[in-house]
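Asks: Would you mind keeping the following structure in view while I ask a few things?
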Amino acid sequence: MNPAFPGNPKQIGINEIGITLFDEHSASSLISIFTAWRELFKNGPSVIQKLIYYPEYSEDDLLSFDRDDAIEKIGKTIDVSKQLNDGKFYLYHCGI
């Protein structure tokens with residue numbers, strides 16, 4: 001849902017530059033998405049690097065993070081998403 005609009009209209013996807021409010025209706029999608037990400041990262045290198053693209057880039061423009069730490073955090077997000085199924089909770093996401 002997008003609480004920035006009157007009536008919290010239901011939408012598909014995650015609002016990149018605004019607020020997204022997840023409830024029991026979005027729990028299964030969130031669980032599926034984060035489970036797929038977790039499996040993807042499990043098959044990746046132990047240190048994951050993401051390039052911030054600039055026309056002229058250097059090693060300083062690489063973001064690095066630990067795969068196992070990311071997998072653990074994704075697992076916690078899956079656990080939180082499972083709690084949405086009860087209809088008693090919301091997950092509030094603030095986009096960039």
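Labeling convention for the structure tokens: chains A, B, ... as they appear, residues from 1 per chain, ligands from 1 in order of appearance.
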Please provide the set of residues having any atom within 12 Å of range 63-75 of chain A, restricted to only C-alpha atoms, with same-chain residues fewer than 4 positions apart removed, written as a PyMOL selection string.
Replies: chain A and resi 30-53+58-59+79-82
Asks: Write out as a ChimeraX atom specification which residues come within 12 Å of Ala4 in chain A when counting only C-alpha atoms, dropping same-chain ones fewer than 3 positions away.
Replies: /A:1,7-10,15,17-21,94
Asks: Run DSSP on the backbone and tell me which residues of chain A come out as helix (DSSP H, G or I); list them as a PyMOL selection string.
Replies: chain A and resi 27-42+59-61+67-86
Asks: CA of Pro3 in chain A and CA of His93 in chain A are how many Å apart?
Replies: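 Computed distance, CA of Pro3 in chain A to CA of His93 in chain A, equals 10.7 Å.
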Asks: Please provide as a list in words all residues within 7 Å of Gly87 in chain A, with the sequence filter that same-chain residues fewer than 2 positions apart are discarded (counting only C-alpha atoms).
Replies: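 Surrounding residues, per the criterion: Asp23, Glu24, Leu84, Asn85 and Phe89 of chain A.
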Asks: Can I get the selection written as a PDB file, in the first residue's frame, with N, CA, C and O atoms?
Replies:
```
ATOM      1  N   ASP A  23       1.349  -5.433   4.344  1.00  0.00           N
ATOM      2  CA  ASP A  23       0.446  -6.068   5.303  1.00  0.00           C
ATOM      3  C   ASP A  23       0.333  -7.553   4.982  1.00  0.00           C
ATOM      4  O   ASP A  23       1.143  -8.099   4.239  1.00  0.00           O
ATOM      5  N   GLU A  24      -0.698  -8.212   5.537  1.00  0.00           N
ATOM      6  CA  GLU A  24      -0.837  -9.658   5.338  1.00  0.00           C
ATOM      7  C   GLU A  24      -1.032 -10.045   3.874  1.00  0.00           C
ATOM      8  O   GLU A  24      -0.708 -11.154   3.470  1.00  0.00           O
ATOM      9  N   LEU A  84       3.757 -10.993   9.172  1.00  0.00           N
ATOM     10  CA  LEU A  84       2.678 -10.233   8.545  1.00  0.00           C
ATOM     11  C   LEU A  84       1.453 -11.101   8.276  1.00  0.00           C
ATOM     12  O   LEU A  84       0.329 -10.590   8.203  1.00  0.00           O
ATOM     13  N   ASN A  85       1.657 -12.407   8.109  1.00  0.00           N
ATOM     14  CA  ASN A  85       0.551 -13.315   7.788  1.00  0.00           C
ATOM     15  C   ASN A  85      -0.588 -13.262   8.794  1.00  0.00           C
ATOM     16  O   ASN A  85      -1.732 -13.512   8.448  1.00  0.00           O
ATOM     17  N   PHE A  89       0.289  -7.049  12.055  1.00  0.00           N
ATOM     18  CA  PHE A  89       1.465  -6.201  11.909  1.00  0.00           C
ATOM     19  C   PHE A  89       1.538  -5.597  10.508  1.00  0.00           C
ATOM     20  O   PHE A  89       0.900  -6.072   9.577  1.00  0.00           O
TER      21      PHE A  89
END
```
Asks: Would you please give, as a list in words, all residues of chain A that DSSP assigns to strand (DSSP E or B) based on the backbone?
Replies: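 Answer for chain A, restricted to strand (DSSP E or B): Ile19, Thr20, Leu21, Phe22, Val47, Ile48, Gln49, Lys50, Leu51, Leu62, Leu63, Ser64, Phe65, Asp66, Leu91, Tyr92, His93 and Cys94 of chain A.
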